[in-house]
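Participant: To be precise about what I am sending: the file is called my_file-v9.pdb and holds PDB, C-alpha atoms and all ligand atoms.
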ATOM      1  CA  MET A   1     -10.349 -26.331  -2.955  1.00  0.00           C
ATOM      2  CA  ARG A   2      -9.339 -28.094  -6.175  1.00  0.00           C
ATOM      3  CA  PRO A   3      -6.596 -26.283  -8.123  1.00  0.00           C
ATOM      4  CA  ILE A   4      -7.725 -24.722 -11.400  1.00  0.00           C
ATOM      5  CA  ASN A   5      -5.929 -22.904 -14.206  1.00  0.00           C
ATOM      6  CA  LEU A   6      -5.683 -19.133 -13.898  1.00  0.00           C
ATOM      7  CA  VAL A   7      -4.918 -17.134 -17.035  1.00  0.00           C
ATOM      8  CA  PHE A   8      -4.168 -13.429 -16.623  1.00  0.00           C
ATOM      9  CA  ASP A   9      -4.157 -10.499 -18.997  1.00  0.00           C
ATOM     10  CA  LEU A  10      -1.111  -8.242 -18.413  1.00  0.00           C
ATOM     11  CA  ASP A  11      -1.592  -4.534 -19.224  1.00  0.00           C
ATOM     12  CA  GLY A  12      -4.152  -2.958 -16.913  1.00  0.00           C
ATOM     13  CA  THR A  13      -4.615  -6.236 -15.017  1.00  0.00           C
ATOM     14  CA  LEU A  14      -1.359  -7.306 -13.337  1.00  0.00           C
ATOM     15  CA  VAL A  15       0.571  -4.142 -14.157  1.00  0.00           C
ATOM     16  CA  ASP A  16      -0.080  -0.471 -14.769  1.00  0.00           C
ATOM     17  CA  SER A  17       2.141  -0.287 -17.841  1.00  0.00           C
ATOM     18  CA  ALA A  18       0.562   2.768 -19.473  1.00  0.00           C
ATOM     19  CA  PRO A  19       3.299   5.247 -18.395  1.00  0.00           C
ATOM     20  CA  ASP A  20       6.000   3.300 -20.293  1.00  0.00           C
ATOM     21  CA  ILE A  21       3.721   2.781 -23.321  1.00  0.00           C
ATOM     22  CA  HIS A  22       2.957   6.520 -23.222  1.00  0.00           C
ATOM     23  CA  ALA A  23       6.695   7.323 -23.084  1.00  0.00           C
ATOM     24  CA  ALA A  24       7.462   5.047 -26.051  1.00  0.00           C
ATOM     25  CA  VAL A  25       4.718   6.722 -28.096  1.00  0.00           C
ATOM     26  CA  ALA A  26       5.995  10.166 -27.054  1.00  0.00           C
ATOM     27  CA  ALA A  27       9.533   9.262 -28.162  1.00  0.00           C
ATOM     28  CA  MET A  28       8.228   8.006 -31.508  1.00  0.00           C
ATOM     29  CA  LEU A  29       6.177  11.193 -31.989  1.00  0.00           C
ATOM     30  CA  ALA A  30       9.149  13.376 -31.008  1.00  0.00           C
ATOM     31  CA  GLY A  31      11.170  11.659 -33.745  1.00  0.00           C
ATOM     32  CA  GLU A  32       8.433  12.718 -36.182  1.00  0.00           C
ATOM     33  CA  GLY A  33       8.581  16.303 -34.897  1.00  0.00           C
ATOM     34  CA  ARG A  34       5.282  15.978 -33.036  1.00  0.00           C
ATOM     35  CA  ASP A  35       4.117  16.718 -29.489  1.00  0.00           C
ATOM     36  CA  ALA A  36       3.346  13.937 -26.994  1.00  0.00           C
ATOM     37  CA  LEU A  37      -0.244  12.823 -26.453  1.00  0.00           C
ATOM     38  CA  ASP A  38      -1.705  12.934 -22.969  1.00  0.00           C
ATOM     39  CA  LEU A  39      -1.672   9.740 -20.906  1.00  0.00           C
ATOM     40  CA  ALA A  40      -5.457   9.256 -20.977  1.00  0.00           C
ATOM     41  CA  THR A  41      -5.492   9.341 -24.784  1.00  0.00           C
ATOM     42  CA  VAL A  42      -2.757   6.708 -24.995  1.00  0.00           C
ATOM     43  CA  ILE A  43      -4.554   4.547 -22.405  1.00  0.00           C
ATOM     44  CA  SER A  44      -7.688   4.684 -24.572  1.00  0.00           C
ATOM     45  CA  PHE A  45      -5.638   3.141 -27.414  1.00  0.00           C
ATOM     46  CA  ILE A  46      -4.328   0.162 -25.348  1.00  0.00           C
ATOM     47  CA  GLY A  47      -5.947  -3.248 -25.716  1.00  0.00           C
ATOM     48  CA  LEU A  48      -5.551  -4.653 -29.220  1.00  0.00           C
ATOM     49  CA  GLY A  49      -1.762  -4.743 -29.271  1.00  0.00           C
ATOM     50  CA  LEU A  50       1.031  -2.423 -30.356  1.00  0.00           C
ATOM     51  CA  PRO A  51       0.373  -2.350 -34.140  1.00  0.00           C
ATOM     52  CA  ASN A  52      -3.237  -1.350 -33.434  1.00  0.00           C
ATOM     53  CA  LEU A  53      -2.141   1.267 -30.881  1.00  0.00           C
ATOM     54  CA  VAL A  54       0.264   2.851 -33.372  1.00  0.00           C
ATOM     55  CA  GLU A  55      -2.467   2.873 -36.026  1.00  0.00           C
ATOM     56  CA  ARG A  56      -4.757   4.722 -33.629  1.00  0.00           C
ATOM     57  CA  VAL A  57      -1.985   7.231 -32.837  1.00  0.00           C
ATOM     58  CA  ILE A  58      -1.423   7.805 -36.568  1.00  0.00           C
ATOM     59  CA  ARG A  59      -5.150   8.388 -37.175  1.00  0.00           C
ATOM     60  CA  HIS A  60      -5.512  10.593 -34.072  1.00  0.00           C
ATOM     61  CA  CYS A  61      -2.552  12.771 -35.119  1.00  0.00           C
ATOM     62  CA  GLY A  62      -3.455  12.925 -38.799  1.00  0.00           C
ATOM     63  CA  MET A  63      -0.193  11.231 -39.795  1.00  0.00           C
ATOM     64  CA  ASN A  64       0.432   9.036 -42.841  1.00  0.00           C
ATOM     65  CA  LEU A  65      -0.874   5.457 -42.544  1.00  0.00           C
ATOM     66  CA  GLY A  66       1.760   4.488 -45.117  1.00  0.00           C
ATOM     67  CA  ASP A  67       4.307   4.975 -42.328  1.00  0.00           C
ATOM     68  CA  HIS A  68       2.552   2.435 -40.089  1.00  0.00           C
ATOM     69  CA  ALA A  69       5.074  -0.409 -40.332  1.00  0.00           C
ATOM     70  CA  ARG A  70       8.020   1.952 -39.785  1.00  0.00           C
ATOM     71  CA  LEU A  71       6.383   3.678 -36.832  1.00  0.00           C
ATOM     72  CA  VAL A  72       5.466   0.324 -35.237  1.00  0.00           C
ATOM     73  CA  GLY A  73       9.174  -0.567 -35.465  1.00  0.00           C
ATOM     74  CA  VAL A  74      10.243   2.741 -33.930  1.00  0.00           C
ATOM     75  CA  THR A  75       7.688   2.530 -31.114  1.00  0.00           C
ATOM     76  CA  LEU A  76       8.552  -1.100 -30.332  1.00  0.00           C
ATOM     77  CA  ALA A  77      12.275  -0.281 -30.220  1.00  0.00           C
ATOM     78  CA  GLN A  78      11.588   2.601 -27.840  1.00  0.00           C
ATOM     79  CA  TYR A  79       9.382   0.385 -25.702  1.00  0.00           C
ATOM     80  CA  ASN A  80      11.865  -2.500 -25.635  1.00  0.00           C
ATOM     81  CA  ALA A  81      14.520  -0.053 -24.413  1.00  0.00           C
ATOM     82  CA  ALA A  82      12.407   0.889 -21.368  1.00  0.00           C
ATOM     83  CA  SER A  83       9.446  -1.414 -20.854  1.00  0.00           C
ATOM     84  CA  SER A  84       9.467  -1.442 -17.053  1.00  0.00           C
ATOM     85  CA  ALA A  85      11.012   1.889 -16.007  1.00  0.00           C
ATOM     86  CA  LEU A  86       7.662   3.425 -15.001  1.00  0.00           C
ATOM     87  CA  THR A  87       5.536   0.246 -14.862  1.00  0.00           C
ATOM     88  CA  ARG A  88       4.250  -1.010 -11.509  1.00  0.00           C
ATOM     89  CA  THR A  89       2.255  -4.004 -10.343  1.00  0.00           C
ATOM     90  CA  TYR A  90      -1.178  -3.170  -8.972  1.00  0.00           C
ATOM     91  CA  PRO A  91      -1.332  -3.325  -5.143  1.00  0.00           C
ATOM     92  CA  GLY A  92      -1.426  -6.869  -3.777  1.00  0.00           C
ATOM     93  CA  VAL A  93      -0.532  -8.589  -7.064  1.00  0.00           C
ATOM     94  CA  VAL A  94       2.709 -10.240  -5.906  1.00  0.00           C
ATOM     95  CA  ALA A  95       1.285 -11.477  -2.589  1.00  0.00           C
ATOM     96  CA  VAL A  96      -1.859 -12.832  -4.240  1.00  0.00           C
ATOM     97  CA  LEU A  97       0.017 -14.576  -7.071  1.00  0.00           C
ATOM     98  CA  SER A  98       2.288 -16.141  -4.428  1.00  0.00           C
ATOM     99  CA  ALA A  99      -0.712 -17.399  -2.482  1.00  0.00           C
ATOM    100  CA  LEU A 100      -2.431 -18.741  -5.609  1.00  0.00           C
ATOM    101  CA  GLN A 101       0.762 -20.513  -6.709  1.00  0.00           C
ATOM    102  CA  GLN A 102       1.166 -21.926  -3.213  1.00  0.00           C
ATOM    103  CA  ALA A 103      -2.407 -23.242  -3.426  1.00  0.00           C
ATOM    104  CA  GLY A 104      -1.428 -25.238  -6.507  1.00  0.00           C
ATOM    105  CA  HIS A 105      -3.081 -23.247  -9.276  1.00  0.00           C
ATOM    106  CA  ALA A 106      -1.344 -23.376 -12.663  1.00  0.00           C
ATOM    107  CA  MET A 107      -0.959 -19.876 -14.092  1.00  0.00           C
ATOM    108  CA  ALA A 108      -0.387 -18.273 -17.500  1.00  0.00           C
ATOM    109  CA  VAL A 109      -0.292 -14.805 -19.047  1.00  0.00           C
ATOM    110  CA  CYS A 110      -2.322 -14.127 -22.199  1.00  0.00           C
ATOM    111  CA  THR A 111      -1.542 -10.606 -23.428  1.00  0.00           C
ATOM    112  CA  ASN A 112      -1.759  -8.654 -26.670  1.00  0.00           C
ATOM    113  CA  LYS A 113       1.568  -6.985 -25.770  1.00  0.00           C
ATOM    114  CA  PRO A 114       4.376  -8.423 -27.938  1.00  0.00           C
ATOM    115  CA  GLU A 115       5.879 -11.458 -26.211  1.00  0.00           C
ATOM    116  CA  ALA A 116       9.444 -10.113 -25.756  1.00  0.00           C
ATOM    117  CA  PRO A 117       8.495  -6.965 -23.811  1.00  0.00           C
ATOM    118  CA  ALA A 118       5.772  -8.921 -21.984  1.00  0.00           C
ATOM    119  CA  ARG A 119       8.432 -11.351 -20.715  1.00  0.00           C
ATOM    120  CA  ALA A 120      10.767  -8.434 -19.896  1.00  0.00           C
ATOM    121  CA  VAL A 121       8.078  -6.696 -17.819  1.00  0.00           C
ATOM    122  CA  LEU A 122       7.247  -9.935 -15.988  1.00  0.00           C
ATOM    123  CA  ARG A 123      10.950 -10.525 -15.283  1.00  0.00           C
ATOM    124  CA  ASP A 124      11.738  -6.964 -14.199  1.00  0.00           C
ATOM    125  CA  LEU A 125       8.767  -6.774 -11.828  1.00  0.00           C
ATOM    126  CA  GLY A 126       9.472 -10.174 -10.255  1.00  0.00           C
ATOM    127  CA  LEU A 127       6.411 -11.890 -11.745  1.00  0.00           C
ATOM    128  CA  ALA A 128       8.010 -14.341 -14.204  1.00  0.00           C
ATOM    129  CA  ARG A 129       8.325 -17.110 -11.612  1.00  0.00           C
ATOM    130  CA  PHE A 130       4.546 -17.379 -11.259  1.00  0.00           C
ATOM    131  CA  PHE A 131       3.781 -18.240 -14.894  1.00  0.00           C
ATOM    132  CA  GLN A 132       4.356 -21.519 -16.729  1.00  0.00           C
ATOM    133  CA  VAL A 133       3.116 -20.062 -20.013  1.00  0.00           C
ATOM    134  CA  VAL A 134       3.271 -16.595 -21.618  1.00  0.00           C
ATOM    135  CA  ILE A 135       1.485 -15.897 -24.896  1.00  0.00           C
ATOM    136  CA  GLY A 136       1.895 -12.434 -26.414  1.00  0.00           C
ATOM    137  CA  GLY A 137       0.318 -10.515 -29.257  1.00  0.00           C
ATOM    138  CA  ASP A 138       2.914 -11.811 -31.730  1.00  0.00           C
ATOM    139  CA  THR A 139       3.161 -15.397 -30.454  1.00  0.00           C
ATOM    140  CA  LEU A 140       0.359 -16.733 -32.649  1.00  0.00           C
ATOM    141  CA  ALA A 141      -1.036 -15.558 -35.994  1.00  0.00           C
ATOM    142  CA  VAL A 142      -4.084 -14.099 -34.214  1.00  0.00           C
ATOM    143  CA  THR A 143      -4.590 -11.899 -31.130  1.00  0.00           C
ATOM    144  CA  LYS A 144      -7.362 -11.480 -28.534  1.00  0.00           C
ATOM    145  CA  PRO A 145     -10.364 -11.203 -28.893  1.00  0.00           C
ATOM    146  CA  ASP A 146      -9.809 -14.284 -31.057  1.00  0.00           C
ATOM    147  CA  PRO A 147     -10.129 -17.130 -28.541  1.00  0.00           C
ATOM    148  CA  ALA A 148      -7.047 -18.970 -29.888  1.00  0.00           C
ATOM    149  CA  PRO A 149      -4.452 -17.342 -27.573  1.00  0.00           C
ATOM    150  CA  LEU A 150      -6.546 -18.123 -24.487  1.00  0.00           C
ATOM    151  CA  HIS A 151      -7.213 -21.668 -25.686  1.00  0.00           C
ATOM    152  CA  ALA A 152      -3.472 -22.100 -26.360  1.00  0.00           C
ATOM    153  CA  CYS A 153      -2.662 -20.979 -22.801  1.00  0.00           C
ATOM    154  CA  ILE A 154      -5.158 -23.450 -21.350  1.00  0.00           C
ATOM    155  CA  ALA A 155      -3.837 -26.282 -23.518  1.00  0.00           C
ATOM    156  CA  ALA A 156      -0.252 -25.484 -22.493  1.00  0.00           C
ATOM    157  CA  LEU A 157      -1.325 -25.617 -18.834  1.00  0.00           C
ATOM    158  CA  GLY A 158      -2.685 -29.113 -19.458  1.00  0.00           C
ATOM    159  CA  GLY A 159      -6.369 -28.263 -19.968  1.00  0.00           C
ATOM    160  CA  GLY A 160      -9.141 -28.362 -17.386  1.00  0.00           C
ATOM    161  CA  ALA A 161     -11.177 -25.802 -15.456  1.00  0.00           C
ATOM    162  CA  THR A 162      -9.908 -22.268 -16.023  1.00  0.00           C
ATOM    163  CA  LEU A 163     -10.676 -18.729 -14.897  1.00  0.00           C
ATOM    164  CA  TYR A 164      -9.566 -15.876 -17.165  1.00  0.00           C
ATOM    165  CA  VAL A 165      -8.722 -12.596 -15.413  1.00  0.00           C
ATOM    166  CA  GLY A 166      -8.620  -9.338 -17.385  1.00  0.00           C
ATOM    167  CA  ASP A 167      -9.451  -5.645 -17.367  1.00  0.00           C
ATOM    168  CA  SER A 168     -10.886  -4.716 -20.733  1.00  0.00           C
ATOM    169  CA  GLU A 169     -13.533  -5.020 -23.413  1.00  0.00           C
ATOM    170  CA  VAL A 170     -11.082  -7.171 -25.371  1.00  0.00           C
ATOM    171  CA  ASP A 171     -10.714  -9.582 -22.442  1.00  0.00           C
ATOM    172  CA  ALA A 172     -14.467  -9.877 -21.908  1.00  0.00           C
ATOM    173  CA  ALA A 173     -14.937 -10.623 -25.623  1.00  0.00           C
ATOM    174  CA  THR A 174     -12.082 -13.149 -25.569  1.00  0.00           C
ATOM    175  CA  ALA A 175     -13.546 -15.014 -22.605  1.00  0.00           C
ATOM    176  CA  LEU A 176     -16.987 -15.126 -24.246  1.00  0.00           C
ATOM    177  CA  ALA A 177     -15.532 -16.361 -27.538  1.00  0.00           C
ATOM    178  CA  ALA A 178     -13.472 -18.993 -25.719  1.00  0.00           C
ATOM    179  CA  GLY A 179     -16.319 -20.096 -23.429  1.00  0.00           C
ATOM    180  CA  VAL A 180     -14.145 -19.482 -20.364  1.00  0.00           C
ATOM    181  CA  PRO A 181     -15.419 -17.895 -17.093  1.00  0.00           C
ATOM    182  CA  PHE A 182     -14.215 -14.294 -16.762  1.00  0.00           C
ATOM    183  CA  ALA A 183     -13.128 -12.308 -13.700  1.00  0.00           C
ATOM    184  CA  LEU A 184     -13.092  -8.565 -14.442  1.00  0.00           C
ATOM    185  CA  PHE A 185     -10.498  -6.370 -12.677  1.00  0.00           C
ATOM    186  CA  THR A 186     -12.347  -3.075 -12.604  1.00  0.00           C
ATOM    187  CA  GLU A 187      -9.399  -0.693 -12.047  1.00  0.00           C
ATOM    188  CA  GLY A 188      -7.515  -1.195 -15.356  1.00  0.00           C
ATOM    189  CA  TYR A 189      -8.002   0.417 -18.771  1.00  0.00           C
ATOM    190  CA  ARG A 190     -11.634  -0.395 -19.615  1.00  0.00           C
ATOM    191  CA  LYS A 191     -13.793   2.316 -21.213  1.00  0.00           C
ATOM    192  CA  THR A 192     -17.143   0.577 -20.700  1.00  0.00           C
ATOM    193  CA  PRO A 193     -19.158   0.660 -17.430  1.00  0.00           C
ATOM    194  CA  VAL A 194     -18.709  -2.542 -15.429  1.00  0.00           C
ATOM    195  CA  ALA A 195     -22.414  -3.359 -15.777  1.00  0.00           C
ATOM    196  CA  ASP A 196     -22.111  -3.306 -19.577  1.00  0.00           C
ATOM    197  CA  LEU A 197     -19.091  -5.625 -19.739  1.00  0.00           C
ATOM    198  CA  PRO A 198     -19.975  -9.340 -19.727  1.00  0.00           C
ATOM    199  CA  HIS A 199     -18.281 -10.961 -16.724  1.00  0.00           C
ATOM    200  CA  ASP A 200     -18.862 -13.746 -14.208  1.00  0.00           C
ATOM    201  CA  VAL A 201     -17.263 -12.005 -11.243  1.00  0.00           C
ATOM    202  CA  ALA A 202     -15.618  -8.614 -10.718  1.00  0.00           C
ATOM    203  CA  PHE A 203     -13.036  -7.315  -8.265  1.00  0.00           C
ATOM    204  CA  SER A 204     -11.355  -3.968  -7.615  1.00  0.00           C
ATOM    205  CA  THR A 205      -8.484  -5.037  -5.338  1.00  0.00           C
ATOM    206  CA  PHE A 206      -6.328  -8.118  -5.764  1.00  0.00           C
ATOM    207  CA  ASP A 207      -6.777  -9.323  -2.206  1.00  0.00           C
ATOM    208  CA  ALA A 208     -10.374 -10.176  -3.214  1.00  0.00           C
ATOM    209  CA  LEU A 209      -9.278 -12.584  -5.964  1.00  0.00           C
ATOM    210  CA  PRO A 210      -8.434 -15.752  -3.954  1.00  0.00           C
ATOM    211  CA  ALA A 211     -11.970 -15.923  -2.542  1.00  0.00           C
ATOM    212  CA  LEU A 212     -13.414 -15.626  -6.056  1.00  0.00           C
ATOM    213  CA  VAL A 213     -11.113 -18.403  -7.266  1.00  0.00           C
ATOM    214  CA  ALA A 214     -12.159 -20.596  -4.345  1.00  0.00           C
ATOM    215  CA  GLN A 215     -15.826 -20.128  -5.317  1.00  0.00           C
ATOM    216  CA  MET A 216     -15.192 -21.447  -8.823  1.00  0.00           C
ATOM    217  CA  ARG A 217     -16.643 -24.903  -9.291  1.00  0.00           C
ATOM    218  CA  PRO A 218     -14.172 -26.996 -11.270  1.00  0.00           C
ATOM    219  CA  VAL A 219     -15.896 -28.432 -14.335  1.00  0.00           C
TER     220      VAL A 219
HETATM  221  O1  LIG A 301      -0.804  -4.405 -25.505  1.00  0.00           O
HETATM  222  C1  LIG A 301      -2.032  -4.157 -25.505  1.00  0.00           C
HETATM  223  O2  LIG A 301      -2.616  -3.402 -26.317  1.00  0.00           O
HETATM  224  C2  LIG A 301      -2.892  -4.808 -24.473  1.00  0.00           C
HETATM  225  O3  LIG A 301      -2.185  -5.659 -23.640  1.00  0.00           O
HETATM  226  P1  LIG A 301      -3.043  -6.643 -22.683  1.00  0.00           P
HETATM  227  O4  LIG A 301      -3.649  -7.655 -23.593  1.00  0.00           O
HETATM  228  O5  LIG A 301      -1.986  -7.190 -21.739  1.00  0.00           O
HETATM  229  O6  LIG A 301      -4.044  -5.785 -21.980  1.00  0.00           O
HETATM  230 MG    MG A 302      -5.457  -5.426 -20.432  1.00  0.00          MG
END
Let's see the structure in the file written out as structure tokens.
Ligand SMILES: O=C(O)COP(=O)(O)O
Ligand SMILES: [Mg+2]
Facilitator:
Amino acid sequence: MRPINLVFDLDGTLVDSAPDIHAAVAAMLAGEGRDALDLATVISFIGLGLPNLVERVIRHCGMNLGDHARLVGVTLAQYNAASSALTRTYPGVVAVLSALQQAGHAMAVCTNKPEAPARAVLRDLGLARFFQVVIGGDTLAVTKPDPAPLHACIAALGGGATLYVGDSEVDAATALAAGVPFALFTEGYRKTPVADLPHDVAFSTFDALPALVAQMRPV
């Protein structure tokens, strides 16, 4: 098997981070004198980064969009204070990343989460050592589904054959826009049926990923 590049999405792919995102939103809402949203509602807002998530919360709650920048700041501060307290890796993630690293694959994270908390989550959950490159939602001027963050990850890994691994509509669109093969993790935060999400391969448990990587023909 020839080593390839593996680029991973973070939220809903490597880690179930929704409980901490939910808590940060709840703390922000409490500061505004409002009740928390339920977890499923917050999960439905994850995918296009924190500023977009806060905008969706504001619209959902009938709050003032003029407060958007302030509420993004409040939510990010809350999240930075506790970005990994309730966040867990999906089963098998650490063992599989170890095996893939051992096999010589170069690996990166391409997330719409801001870079600082993305790095904190990776560090706190023992994942940082697997990734040569981390690009977050505020690293470049554009975010996924623009293909630039994924292309920047691949370039930073030295170019060459790459598989992008993600859980959501945004990831499928990013892979298509970038012209990169896409492996869909089906147990994350997607809202669309698997059959309706463009993907090359799909998997529901991480122990299935190495075999899918091995099947990839380097181009
Ligand atoms: O922060 C988000 O909204 C999504 O993050 P992700 O790109 O790691 O899924
Ligand atoms: Mg995701």
Participant: Within 9 Å of ligand LIG 301 (chain A), which residues of chain A show up? Give each one with its shortest atom-to-atom distance in Å (one decimal) and the two atoms involved, counting all atoms listed in the file, rows by chain then rising residue number, as a Markdown table.
Facilitator:
| residue | atom | partner | partner_atom | distance |
| --- | --- | --- | --- | --- |
| A:Phe8 | CA | A:LIG301 | O5 | 8.4 |
| A:Asp9 | CA | A:LIG301 | O5 | 4.8 |
| A:Leu10 | CA | A:LIG301 | O5 | 3.6 |
| A:Asp11 | CA | A:LIG301 | O5 | 3.7 |
| A:Gly12 | CA | A:LIG301 | O6 | 5.8 |
| A:Thr13 | CA | A:LIG301 | O6 | 7.0 |
| A:Leu14 | CA | A:LIG301 | O5 | 8.4 |
| A:Val15 | CA | A:LIG301 | O5 | 8.6 |
| A:Ser17 | CA | A:LIG301 | O5 | 8.9 |
| A:Ile21 | CA | A:LIG301 | O1 | 8.8 |
| A:Phe45 | CA | A:LIG301 | O2 | 7.3 |
| A:Ile46 | CA | A:LIG301 | O2 | 4.1 |
| A:Gly47 | CA | A:LIG301 | O2 | 3.4 |
| A:Leu48 | CA | A:LIG301 | O2 | 4.3 |
| A:Gly49 | CA | A:LIG301 | O2 | 3.4 |
| A:Leu50 | CA | A:LIG301 | O2 | 5.5 |
| A:Pro51 | CA | A:LIG301 | O2 | 8.4 |
| A:Asn52 | CA | A:LIG301 | O2 | 7.4 |
| A:Leu53 | CA | A:LIG301 | O2 | 6.5 |
| A:Val109 | CA | A:LIG301 | O5 | 8.3 |
| A:Cys110 | CA | A:LIG301 | O4 | 6.8 |
| A:Thr111 | CA | A:LIG301 | O4 | 3.6 |
| A:Asn112 | CA | A:LIG301 | O4 | 3.7 |
| A:Lys113 | CA | A:LIG301 | O1 | 3.5 |
| A:Pro114 | CA | A:LIG301 | O1 | 7.0 |
| A:Ala118 | CA | A:LIG301 | O5 | 8.0 |
| A:Gly136 | CA | A:LIG301 | O4 | 7.8 |
| A:Gly137 | CA | A:LIG301 | O1 | 7.3 |
| A:Thr143 | CA | A:LIG301 | O4 | 8.7 |
| A:Lys144 | CA | A:LIG301 | O4 | 7.3 |
| A:Gly166 | CA | A:LIG301 | O6 | 7.4 |
| A:Asp167 | CA | A:LIG301 | O6 | 7.1 |
| A:Ser168 | CA | A:LIG301 | O6 | 7.0 |
| A:Val170 | CA | A:LIG301 | O4 | 7.7 |
| A:Asp171 | CA | A:LIG301 | O4 | 7.4 |
| A:Gly188 | CA | A:LIG301 | O6 | 8.8 |
| A:Tyr189 | CA | A:LIG301 | O6 | 8.0 |
Participant: Can you work out which one of A:Ala18, A:Ala81, A:Leu29, A:Ile58 has the shortest atom-to-atom distance to ligand MG 302 (chain A), counting all atoms listed in the file?
Facilitator: A:Ala18
Participant: Would you mind reading off the distance between atom CA of Leu65 of chain A and atom CA of Ala82 of chain A, one decimal, in Å?
Facilitator: 25.4 Å
Participant: Output the residue selection produced by the PyMOL selection byres (((chain A and resi 158) around 12) and not hetatm) on the file above, formatted as an MDAnalysis selection string.
Facilitator: chainID A and resid 4:6 105:108 132:133 151:157 159:162
Participant: Quick one: residues within 9 Å of Ser44 of chain A, only C-alpha atoms counted, chain neighbours fewer than 4 positions away excluded, as a list in words?
Facilitator: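 With the cut-off at 9 Å, the set is Leu39, Ala40, Tyr189, Arg190 and Lys191 of chain A.
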Participant: Between A:Ala178, A:Ala173, A:Val25, A:Met216, which has the minimum distance to ligand MG 302 (chain A) (counting only C-alpha atoms and all ligand atoms)?
Facilitator: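 Under the stated criterion, the closest residue is A:Ala173.
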Participant: Please compute the atom CA of Phe203 of chain A-atom CA of Ile135 of chain A distance, one decimal, in Å.
Facilitator: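 Atom CA of Ile135 of chain A lies at a distance of 23.7 Å from atom CA of Phe203 of chain A.
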Participant: To test the calculation: enclose all listed atoms of segment 177-180 of chain A in a box whose edges run along x, y and z, add 6 Å on each side, then state centre and edge lengths in Å to one decimal, as lines of an AutoDock Vina configuration file.
Facilitator:
center_x = -14.9
center_y = -18.2
center_z = -24.0
size_x = 14.8
size_y = 15.7
size_z = 19.2
Participant: Looking at A:Asp146, A:Asp35, A:Glu169, A:Asp207, which one is nearest to ligand MG 302 (chain A), with distances taken over all atoms listed in the file?
Facilitator: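 The shortest atom-to-atom distance to ligand MG 302 (chain A) comes from A:Glu169.
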Participant: I need the output of the PyMOL selection byres (((chain A and resi 120) around 12) and not hetatm) for this file as a PyMOL selection string; which residues are they?
Facilitator: chain A and resi 10+79-85+87+113-119+121-128+134+136
Participant: Please check which residues have atoms at most 6 Å from (-12.4, -10.9, -14.0) in the file's coordinates, counting all atoms listed in the file, and write them as a PyMOL selection string.
Facilitator: chain A and resi 165-166+182-185+201-202
Participant: Just to confirm, what's the straight-line distance from atom CA of Cys61 of chain A to atom CA of Gly33 of chain A in Å (one decimal)?
Facilitator: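 Answer for the atom CA of Cys61 of chain A to atom CA of Gly33 of chain A separation: 11.7 Å.
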Participant: For each of A:Ala148, A:Ala103, A:Ala172, A:Val94, take the minimum atom-to-atom distance to ligand MG 302 (chain A), counting all atoms listed in the file, then give the residue where this is smallest.
Facilitator: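 Among the listed residues, the smallest separation from ligand MG 302 (chain A) belongs to A:Ala172.
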Participant: Taking all atoms listed in the file into account, which of A:Val194, A:Pro149, A:Thr186, A:Leu76 comes nearest ligand MG 302 (chain A)?
Facilitator: A:Thr186
Participant: Compare A:Pro145, A:Gly31, A:Gly73, A:Pro91 by their minimum atom-to-atom distance to ligand MG 302 (chain A), counting all atoms listed in the file, and give me the closest one.
Facilitator: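 Ranking A:Pro145, A:Gly31, A:Gly73, A:Pro91 by distance to ligand MG 302 (chain A), first place goes to A:Pro145.
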Participant: I'd like the contact shell of His22 of chain A - 8 Å cut-off, all atoms listed in the file, skipping same-chain residues fewer than 5 positions apart - returned as a PyMOL selection string.
Facilitator: chain A and resi 37-39+42-43
Participant: Report as a ChimeraX atom specification all protein, DNA and RNA residues lying within 9 Å of Gly92 of chain A, evaluated on only C-alpha atoms, omitting residues in the same chain fewer than 4 positions from it.
Facilitator: /A:96-97,205-207
